[in-house]
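Everything below belongs to input_36.txt, which stores compact mmCIF, N, CA and C atoms.
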# COMPACT_ATOMS: atom_id res chain seq x y z
N MET P 189 -3.99 69.64 52.55
CA MET P 189 -4.87 70.78 52.49
C MET P 189 -6.23 70.30 51.96
N LEU P 190 -7.25 70.82 52.55
CA LEU P 190 -8.60 70.46 52.15
C LEU P 190 -9.08 71.35 51.00
N THR P 191 -10.00 70.83 50.21
CA THR P 191 -10.60 71.58 49.12
C THR P 191 -12.08 71.75 49.42
N TYR P 192 -12.55 73.00 49.33
CA TYR P 192 -13.94 73.30 49.61
C TYR P 192 -14.58 73.86 48.35
N GLY P 193 -15.76 73.39 48.04
CA GLY P 193 -16.51 73.91 46.90
C GLY P 193 -17.28 75.15 47.30
N ILE P 194 -17.39 76.09 46.39
CA ILE P 194 -18.09 77.33 46.69
C ILE P 194 -19.55 77.06 47.00
N SER P 195 -20.15 76.07 46.35
CA SER P 195 -21.56 75.76 46.63
C SER P 195 -21.73 75.18 48.03
N GLU P 196 -20.72 74.44 48.52
CA GLU P 196 -20.78 73.91 49.90
C GLU P 196 -20.78 75.06 50.90
N ILE P 197 -19.93 76.05 50.65
CA ILE P 197 -19.82 77.19 51.56
C ILE P 197 -21.10 78.02 51.52
N GLN P 198 -21.68 78.16 50.33
CA GLN P 198 -22.92 78.93 50.23
C GLN P 198 -24.08 78.23 50.94
N SER P 199 -24.12 76.91 50.88
CA SER P 199 -25.22 76.19 51.52
C SER P 199 -25.02 76.05 53.02
N LYS P 200 -23.75 76.03 53.48
CA LYS P 200 -23.45 75.92 54.92
C LYS P 200 -22.46 77.01 55.31
N PRO P 201 -22.90 78.24 55.54
CA PRO P 201 -21.98 79.31 55.92
C PRO P 201 -21.21 79.02 57.21
N SER P 202 -21.75 78.19 58.08
CA SER P 202 -21.06 77.85 59.33
C SER P 202 -19.80 77.02 59.06
N LEU P 203 -19.65 76.51 57.87
CA LEU P 203 -18.47 75.74 57.50
C LEU P 203 -17.20 76.57 57.62
N ILE P 204 -17.32 77.87 57.38
CA ILE P 204 -16.14 78.76 57.45
C ILE P 204 -15.54 78.76 58.84
N LYS P 205 -16.38 78.67 59.86
CA LYS P 205 -15.86 78.66 61.24
C LYS P 205 -14.98 77.46 61.51
N SER P 206 -15.25 76.34 60.87
CA SER P 206 -14.48 75.13 61.11
C SER P 206 -13.27 74.99 60.18
N MET P 207 -13.19 75.85 59.18
CA MET P 207 -12.08 75.77 58.21
C MET P 207 -10.81 76.37 58.82
N SER P 208 -9.68 75.76 58.51
CA SER P 208 -8.40 76.34 58.95
C SER P 208 -7.62 76.81 57.72
N VAL P 209 -7.21 75.88 56.88
CA VAL P 209 -6.51 76.21 55.65
C VAL P 209 -7.10 75.33 54.55
N GLY P 210 -7.43 75.94 53.44
CA GLY P 210 -8.00 75.16 52.36
C GLY P 210 -8.12 75.95 51.08
N GLU P 211 -8.30 75.22 50.01
CA GLU P 211 -8.47 75.83 48.71
C GLU P 211 -9.96 75.89 48.40
N ILE P 212 -10.41 77.03 47.88
CA ILE P 212 -11.80 77.18 47.51
C ILE P 212 -11.90 77.07 46.00
N VAL P 213 -12.75 76.16 45.53
CA VAL P 213 -12.87 75.91 44.10
C VAL P 213 -14.32 76.03 43.66
N ASP P 214 -14.48 76.33 42.40
CA ASP P 214 -15.79 76.29 41.75
C ASP P 214 -15.79 75.02 40.93
N ARG P 215 -16.45 74.02 41.43
CA ARG P 215 -16.39 72.71 40.79
C ARG P 215 -17.14 72.69 39.46
N ARG P 216 -18.14 73.56 39.31
CA ARG P 216 -18.88 73.61 38.05
C ARG P 216 -18.01 74.15 36.93
N ALA P 217 -17.19 75.14 37.24
CA ALA P 217 -16.33 75.75 36.23
C ALA P 217 -14.94 75.12 36.22
N HIS P 218 -14.68 74.19 37.14
CA HIS P 218 -13.37 73.55 37.27
C HIS P 218 -12.28 74.60 37.39
N LYS P 219 -12.47 75.49 38.38
CA LYS P 219 -11.60 76.65 38.52
C LYS P 219 -11.30 76.90 40.00
N SER P 220 -10.06 77.21 40.30
CA SER P 220 -9.68 77.56 41.66
C SER P 220 -9.96 79.04 41.90
N LEU P 221 -10.63 79.35 43.00
CA LEU P 221 -10.97 80.74 43.31
C LEU P 221 -9.96 81.36 44.27
N GLY P 222 -9.20 80.54 44.94
CA GLY P 222 -8.21 81.07 45.88
C GLY P 222 -8.09 80.16 47.09
N PHE P 223 -7.42 80.70 48.09
CA PHE P 223 -7.17 79.93 49.30
C PHE P 223 -7.77 80.63 50.50
N PHE P 224 -8.22 79.86 51.45
CA PHE P 224 -8.74 80.38 52.71
C PHE P 224 -7.75 80.03 53.79
N ILE P 225 -7.37 81.03 54.56
CA ILE P 225 -6.47 80.82 55.69
C ILE P 225 -7.10 81.50 56.90
N ALA P 226 -7.31 80.76 57.95
CA ALA P 226 -7.97 81.28 59.14
C ALA P 226 -7.13 82.40 59.77
N ALA P 227 -7.80 83.31 60.43
CA ALA P 227 -7.15 84.47 61.03
C ALA P 227 -6.12 84.07 62.09
N LYS P 228 -6.29 82.92 62.69
CA LYS P 228 -5.34 82.52 63.74
C LYS P 228 -3.94 82.24 63.17
N TYR P 229 -3.84 82.04 61.85
CA TYR P 229 -2.54 81.80 61.23
C TYR P 229 -1.91 83.08 60.65
N GLU P 230 -2.59 84.20 60.78
CA GLU P 230 -2.12 85.45 60.19
C GLU P 230 -0.72 85.86 60.64
N PRO P 231 -0.38 85.77 61.93
CA PRO P 231 0.96 86.18 62.33
C PRO P 231 2.08 85.39 61.64
N TYR P 232 1.79 84.16 61.27
CA TYR P 232 2.80 83.31 60.64
C TYR P 232 3.03 83.64 59.17
N ILE P 233 2.00 84.13 58.51
CA ILE P 233 2.11 84.32 57.06
C ILE P 233 2.05 85.79 56.62
N LYS P 234 1.84 86.70 57.55
CA LYS P 234 1.65 88.10 57.21
C LYS P 234 2.83 88.67 56.42
N GLU P 235 4.04 88.39 56.86
CA GLU P 235 5.23 88.92 56.19
C GLU P 235 5.35 88.39 54.75
N ALA P 236 5.08 87.12 54.57
CA ALA P 236 5.15 86.54 53.22
C ALA P 236 4.11 87.16 52.29
N ILE P 237 2.92 87.38 52.79
CA ILE P 237 1.86 88.00 51.98
C ILE P 237 2.25 89.43 51.61
N GLU P 238 2.81 90.16 52.54
CA GLU P 238 3.23 91.54 52.26
C GLU P 238 4.32 91.57 51.19
N GLN P 239 5.26 90.64 51.25
CA GLN P 239 6.32 90.58 50.22
C GLN P 239 5.72 90.29 48.84
N ILE P 240 4.79 89.37 48.78
CA ILE P 240 4.15 89.04 47.51
C ILE P 240 3.40 90.26 46.97
N GLU P 241 2.67 90.96 47.83
CA GLU P 241 1.92 92.14 47.40
C GLU P 241 2.87 93.23 46.89
N ARG P 242 4.02 93.43 47.57
CA ARG P 242 4.99 94.43 47.12
C ARG P 242 5.52 94.08 45.73
N LYS P 243 5.84 92.81 45.52
CA LYS P 243 6.35 92.39 44.21
C LYS P 243 5.30 92.59 43.12
N GLU P 244 4.04 92.26 43.42
CA GLU P 244 2.97 92.43 42.44
C GLU P 244 2.78 93.91 42.10
N LYS P 245 2.84 94.78 43.10
CA LYS P 245 2.70 96.22 42.86
C LYS P 245 3.85 96.74 42.01
N LEU P 246 5.05 96.26 42.28
CA LEU P 246 6.22 96.69 41.52
C LEU P 246 6.09 96.30 40.06
N VAL P 247 5.63 95.09 39.80
CA VAL P 247 5.43 94.63 38.41
C VAL P 247 4.39 95.50 37.72
N LYS P 248 3.29 95.82 38.41
CA LYS P 248 2.24 96.66 37.82
C LYS P 248 2.78 98.06 37.52
N LEU P 249 3.55 98.62 38.44
CA LEU P 249 4.11 99.96 38.23
C LEU P 249 5.07 99.98 37.04
N LYS P 250 5.86 98.92 36.89
CA LYS P 250 6.78 98.85 35.75
C LYS P 250 6.01 98.78 34.44
N LYS P 251 4.90 98.03 34.42
CA LYS P 251 4.08 97.96 33.20
C LYS P 251 3.48 99.32 32.87
N ILE P 252 2.99 100.01 33.91
CA ILE P 252 2.42 101.34 33.69
C ILE P 252 3.48 102.30 33.17
N LYS P 253 4.67 102.26 33.77
CA LYS P 253 5.75 103.15 33.35
C LYS P 253 6.15 102.84 31.91
N TYR P 254 6.25 101.58 31.57
CA TYR P 254 6.62 101.19 30.22
C TYR P 254 5.59 101.71 29.21
N GLY P 255 4.32 101.54 29.54
CA GLY P 255 3.26 102.03 28.65
C GLY P 255 3.27 103.54 28.54
N THR P 256 3.51 104.23 29.66
CA THR P 256 3.57 105.69 29.66
C THR P 256 4.75 106.19 28.84
N ASP P 257 5.89 105.51 28.95
CA ASP P 257 7.06 105.90 28.17
C ASP P 257 6.78 105.81 26.68
N TRP P 258 6.10 104.74 26.24
CA TRP P 258 5.78 104.58 24.83
C TRP P 258 4.77 105.62 24.38
N ASP P 259 3.79 105.92 25.22
CA ASP P 259 2.81 106.95 24.86
C ASP P 259 3.49 108.30 24.69
N PHE P 260 4.40 108.63 25.59
CA PHE P 260 5.12 109.89 25.51
C PHE P 260 5.98 109.93 24.24
N LEU P 261 6.62 108.83 23.93
CA LEU P 261 7.46 108.77 22.74
C LEU P 261 6.62 108.95 21.48
N GLU P 262 5.46 108.28 21.42
CA GLU P 262 4.58 108.42 20.24
C GLU P 262 4.05 109.84 20.11
N ASN P 263 3.70 110.47 21.23
CA ASN P 263 3.20 111.84 21.18
C ASN P 263 4.31 112.80 20.75
N GLY P 264 5.53 112.53 21.18
CA GLY P 264 6.66 113.36 20.79
C GLY P 264 6.94 113.27 19.31
N ILE P 265 6.82 112.08 18.74
CA ILE P 265 7.04 111.89 17.31
C ILE P 265 5.94 112.59 16.52
N ASP P 266 4.70 112.49 16.99
CA ASP P 266 3.58 113.15 16.31
C ASP P 266 3.73 114.67 16.31
N ASP P 267 4.36 115.22 17.34
CA ASP P 267 4.52 116.67 17.43
C ASP P 267 5.70 117.15 16.61
N GLY P 268 6.40 116.28 15.94
CA GLY P 268 7.51 116.67 15.10
C GLY P 268 8.85 116.75 15.82
N LEU P 269 8.93 116.14 16.99
CA LEU P 269 10.21 116.15 17.72
C LEU P 269 11.15 115.11 17.19
Would you mind giving the structure from this file in structure tokens?
Amino acid sequence: MLTYGISEIQSKPSLIKSMSVGEIVDRRAHKSLGFFIAAKYEPYIKEAIEQIERKEKLVKLKKIKYGTDWDFLENGIDDGL
């Protein structure tokens, strides 16, 4: 897999047309910004991406529910229940 710097992409926007799969990094901050996958590969990875998104949403919902349950419990105790 190739690694592309964000400054390279900013200076040569046409580079995106030639990219297929690669990691985009900010070399100044030594940080990975994510991955670029060309649209022609979408049918191959669409299902995997959807599964990952579902799992991430489920984790977020559980955190929200957990926080809401504690808020409700604290409010119930404050009300003298």
Which residues come within 8 Å of Ser195 of chain P, counting all atoms listed in the file, excluding same-chain residues fewer than 6 positions away, as a JSON list (two decimals) with N, CA and C atoms, keeping the file's coordinate frame?
[["chain", "number", "residue", "atom", "x", "y", "z"],
["P", 213, "VAL", "N", -12.75, 76.16, 45.53],
["P", 213, "VAL", "CA", -12.87, 75.91, 44.10],
["P", 213, "VAL", "C", -14.32, 76.03, 43.66],
["P", 214, "ASP", "N", -14.48, 76.33, 42.40],
["P", 214, "ASP", "CA", -15.79, 76.29, 41.75],
["P", 214, "ASP", "C", -15.79, 75.02, 40.93],
["P", 215, "ARG", "N", -16.45, 74.02, 41.43],
["P", 215, "ARG", "CA", -16.39, 72.71, 40.79],
["P", 215, "ARG", "C", -17.14, 72.69, 39.46],
["P", 216, "ARG", "N", -18.14, 73.56, 39.31],
["P", 216, "ARG", "CA", -18.88, 73.61, 38.05],
["P", 216, "ARG", "C", -18.01, 74.15, 36.93]]
- Item | Å distance separating atom CA of Ser202 of chain P from atom CA of Ala236 of chain P, one decimal place |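 Separation between atom CA of Ser202 of chain P and atom CA of Ala236 of chain P: 28.3 Å.
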- Query: How would you write, as a VMD selection string, the set of residues in chain P that DSSP gives as strand (DSSP E)?
  - Reply: chain P and resid 190 to 193 209 to 214 219 to 225
- Message: Please list as a VMD selection string every residue within 10 Å of Thr191 of chain P, counting only C-alpha atoms and excluding residues in the same chain fewer than 2 positions away.
- Response: chain P and resid 189 193 to 194 209 to 213 220 223 to 224
- Query: atom CA of His218 of chain P to atom CA of Ile233 of chain P: how many Å, to one decimal?
  - Reply: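 About the pair atom CA of His218 of chain P and atom CA of Ile233 of chain P: they are 27.3 Å apart.
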- Query: With only C-alpha atoms as the basis for distance, which of P:Met207, P:Ser199, P:Ile240, P:Tyr192 is at the shortest distance from Ala226 of chain P?
  - Reply: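 Between P:Met207, P:Ser199, P:Ile240, P:Tyr192, the residue approaching Ala226 of chain P most closely is P:Met207.
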- Task: Provide the atom CA of Gly222 of chain P to atom CA of Ile237 of chain P distance in Å, to one decimal place.
- Result: 13.7 Å
